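Please read the structure below before turning to the comments.
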Amino acid sequence: MRAFNKLTPLALLALLVGQSACGEKDPPKGPQIPEAGYVVMAAQTVPLQLDLAGRTAAYETSEVRPQVSGVIKQRHFVEGSVVKKDQTLYEIDPSLYRAAVAQAEANLANAQATREAAEAKAARYKPLADIEAVSKQDYTDARSAANQAAAQVAQAKAALDTARINLRFTKVPAPISGKIGRSVATVGALVTTGQADALTSIQRLDPIFVDIQQSSAALVSLRRELSSGGVTPSSATVRLTLEDGSQYPIPGRIEFAEPVVDPSTGSVTLRATFPNPNGLLLPGMYVRARLSQATAQNAILAPQQAVSRDPVGNATVYLVSSDNKAVLRTVTANQTVGDKWLVTAGLAPGDKVITEGINRLKPGQPIHPVPAGSPPRRPPGAPGGEGVSPGGGQAQRGR
């Protein structure tokens, strides 16, 4: 009491006000109910895309070899150029083959003269044999000689044809149209029939093949899905990504799949054909092929930000229940389609999948669901700035 008596009235008033302020308590806050943005699931038809490795291969390849022996006299093409079918590539010295043709023509003329004489003799003997002016044997011998002369004429004609063919082979033609490679043989080189080394090679590059490798396990899975009826076959259209990451502008088509599995790689080769008018694709190039072998019917696509993984790797999503609570559900999502997960089990059309505010949710927690992308709520009369949820907390809907 002595201490209070010593205080001035002003100090005493300040002490009493401070005690009164310390005795006041903050009003209790209500429970926070977070907002959660959701999207509604819908069934749709989804092509199942595959990215597979592949290599390009020439549509046609031909190695040019000589069919007659001789010395190369001329070369009639530019290395690396495009040649047409039957265009002359090399000319072999034709001197010996022209002489062979001349000899064959002379042999044919001789055989024809012999045949004419033999046939005339047989013709004269026939009436004489009928009146027995000559013996039957003489007529038979004359007729046989005429037949032998006719056979010799046929042989001479065949020999002449062979000589002419060999003379034609002195001009080595292009078996196919395409781009020709470098020439192994030069002018003045001696070439022989049936030699092992090709003079050059020609490749047809428009169109061009792309051999795509697919694992046999993936092929078996695809056929099982097709047989179950959950998916249907897709078109055979293929798109290519080149080695530098650029997209090849022209689509191709799958032609066939080999009926055997390569035992060394465990893969099956799919062959596609691509137009190549500008020669951009060259044989041996590594490419990535994107194709759709099947189309999923009544498929459900969930946004990737909505799908999480539990400690054992199972895919999970949060749903909005009928009483506005967060429900954790395990789903089957083993494949991505663009920026979404293809959910094959666990979701149905009409389910509300939460995509915003997931990090603040717990199973069974009350939420305020809003369509994804909606602006945060603000209570009536609240000033501008950050929104406030119904429980007084900030309305944040980040992941």
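Identifiers in the structure tokens: chain A, B, ... in order shown; residue index from 1 per chain; ligand index from 1 in order shown.
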message: Please identify the strand (DSSP E or B) residues within segment 212-343 of chain A (assignment by DSSP from backbone atoms) and present them as a PyMOL selection string.
response: chain A and resi 212-215+231-233+237-241+247+252-257+262+267-274+286-303+308-309+315-320+325-337+340-343
- request: Find the spatial neighbours of Pro94 of chain A, counting only C-alpha atoms, within a cut-off of 12 Å - ignore same-chain residues fewer than 5 positions away - and output them as a PyMOL selection string.
  value: chain A and resi 68-74+99-101+163-172
Segment 29-257 of chain A: residues DSSP assigns to helix (DSSP H, G or I), reported as a ChimeraX atom specification: /A:95-130,136-168,216-228
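The gap separating atom CA of Val331 of chain A from atom CA of Thr316 of chain A is 5.6 Å, in Å to one decimal.
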query: Quick one: residues within 8 Å of Ala348 of chain A, only C-alpha atoms counted, chain neighbours fewer than 2 positions away excluded, as a ChimeraX atom specification?
result: /A:41-43,300,346,350-351
Take the selection from the previous step and output its residues with C-alpha atoms, as a PDB file, in the first residue's frame.
```pdb
ATOM      1  CA  MET A  41     -13.474 -37.117 -65.599  1.00  0.00           C
ATOM      2  CA  ALA A  42     -15.024 -38.057 -68.945  1.00  0.00           C
ATOM      3  CA  ALA A  43     -14.707 -41.127 -71.158  1.00  0.00           C
ATOM      4  CA  ILE A 300     -10.146 -41.830 -68.920  1.00  0.00           C
ATOM      5  CA  GLY A 346     -10.075 -46.876 -60.363  1.00  0.00           C
ATOM      6  CA  GLY A 350     -18.209 -38.122 -63.633  1.00  0.00           C
ATOM      7  CA  ASP A 351     -15.608 -38.519 -60.846  1.00  0.00           C
TER       8      ASP A 351
END
```
Spatial neighbours of Ala117 of chain A, 12 Å, only C-alpha atoms, chain gap at least 2 places, as an MDAnalysis selection string: chainID A and resid 110:115 119:124 142:143 145:150
Save out the residues we just selected, N, CA and C atoms, as a short mmCIF file (atom, residue, chain, number, x, y, z; two decimals), in the first residue's frame.
```
data_model
loop_
_atom_site.label_atom_id
_atom_site.label_comp_id
_atom_site.auth_asym_id
_atom_site.auth_seq_id
_atom_site.Cartn_x
_atom_site.Cartn_y
_atom_site.Cartn_z
N ASN A 110 26.32 -70.01 -144.01
CA ASN A 110 26.81 -71.30 -144.50
C ASN A 110 25.81 -72.41 -144.23
N ALA A 111 25.26 -72.41 -143.01
CA ALA A 111 24.30 -73.45 -142.65
C ALA A 111 23.04 -73.33 -143.49
N GLN A 112 22.62 -72.14 -143.79
CA GLN A 112 21.43 -71.96 -144.62
C GLN A 112 21.66 -72.46 -146.05
N ALA A 113 22.85 -72.21 -146.57
CA ALA A 113 23.16 -72.69 -147.93
C ALA A 113 23.18 -74.21 -147.97
N THR A 114 23.78 -74.82 -146.96
CA THR A 114 23.82 -76.28 -146.90
C THR A 114 22.42 -76.84 -146.80
N ARG A 115 21.56 -76.20 -146.02
CA ARG A 115 20.19 -76.68 -145.88
C ARG A 115 19.44 -76.61 -147.20
N GLU A 119 17.82 -79.82 -149.01
CA GLU A 119 16.38 -79.90 -149.23
C GLU A 119 16.07 -80.05 -150.72
N ALA A 120 16.86 -79.42 -151.58
CA ALA A 120 16.64 -79.56 -153.03
C ALA A 120 16.92 -80.99 -153.48
N LYS A 121 17.99 -81.58 -152.97
CA LYS A 121 18.33 -82.96 -153.33
C LYS A 121 17.23 -83.92 -152.87
N ALA A 122 16.74 -83.72 -151.64
CA ALA A 122 15.67 -84.58 -151.14
C ALA A 122 14.41 -84.42 -151.97
N ALA A 123 14.15 -83.22 -152.41
CA ALA A 123 12.95 -82.99 -153.24
C ALA A 123 13.07 -83.70 -154.60
N ARG A 124 14.28 -83.72 -155.20
CA ARG A 124 14.45 -84.41 -156.48
C ARG A 124 14.35 -85.92 -156.33
N ALA A 142 18.93 -88.70 -148.28
CA ALA A 142 18.80 -87.31 -148.72
C ALA A 142 17.88 -86.52 -147.79
N ARG A 143 16.77 -87.16 -147.38
CA ARG A 143 15.84 -86.48 -146.47
C ARG A 143 16.50 -86.23 -145.11
N ALA A 145 19.74 -85.82 -144.53
CA ALA A 145 20.73 -84.75 -144.68
C ALA A 145 20.05 -83.37 -144.67
N ALA A 146 18.87 -83.28 -145.27
CA ALA A 146 18.13 -82.01 -145.28
C ALA A 146 17.71 -81.63 -143.85
N ASN A 147 17.28 -82.61 -143.07
CA ASN A 147 16.89 -82.34 -141.68
C ASN A 147 18.10 -81.89 -140.85
N GLN A 148 19.25 -82.55 -141.06
CA GLN A 148 20.45 -82.16 -140.32
C GLN A 148 20.87 -80.73 -140.69
N ALA A 149 20.74 -80.39 -141.96
CA ALA A 149 21.08 -79.03 -142.38
C ALA A 149 20.16 -78.01 -141.73
N ALA A 150 18.88 -78.33 -141.57
CA ALA A 150 17.94 -77.43 -140.90
C ALA A 150 18.30 -77.24 -139.43
#
```
- prompt: Given the choices A:Val184, A:Val82, A:Val238, A:Leu347, which gets closest to Ala299 of chain A if the distance is worked out from only C-alpha atoms?
  reply: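 The shortest atom-to-atom distance to Ala299 of chain A comes from A:Leu347.
Residue nearest Leu160 of chain A within the list A:Ala102, A:Ile180, A:Ala118, A:Ala189: A:Ala102 [criterion: smallest interatomic distance, only C-alpha atoms].
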task: Show which residues sit within 9 Å of Ile254 of chain A, as a PyMOL selection string. Count only C-alpha atoms, and ignore same-chain residues fewer than 5 positions away.
output: chain A and resi 235-238+270-273+291
Given the selection you just returned, output its residues as a file containing C-alpha atoms, formatted as a CSV table (one decimal), in the first residue's frame.
```csv
chain,number,residue,atom,x,y,z
A,235,SER,CA,-4.3,-46.7,-88.6
A,236,ALA,CA,-0.9,-47.6,-89.8
A,237,THR,CA,0.3,-44.0,-90.0
A,238,VAL,CA,3.8,-43.3,-88.6
A,270,LEU,CA,8.0,-53.5,-88.3
A,271,ARG,CA,8.7,-52.1,-91.8
A,272,ALA,CA,7.3,-48.7,-92.8
A,273,THR,CA,7.4,-46.9,-96.1
A,291,LEU,CA,2.9,-44.7,-84.2
```
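Nearest residue to Tyr97 of chain A among A:Gln214, A:Thr162, A:Arg290, A:Trp341 is A:Thr162, counting only C-alpha atoms.
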- prompt: Residues at most 12 Å from Arg288 of chain A, counting only C-alpha atoms, excluding those fewer than 4 positions away in the same chain, as number ranges by chain?
  reply: A: 50-56, 210-214, 238-248
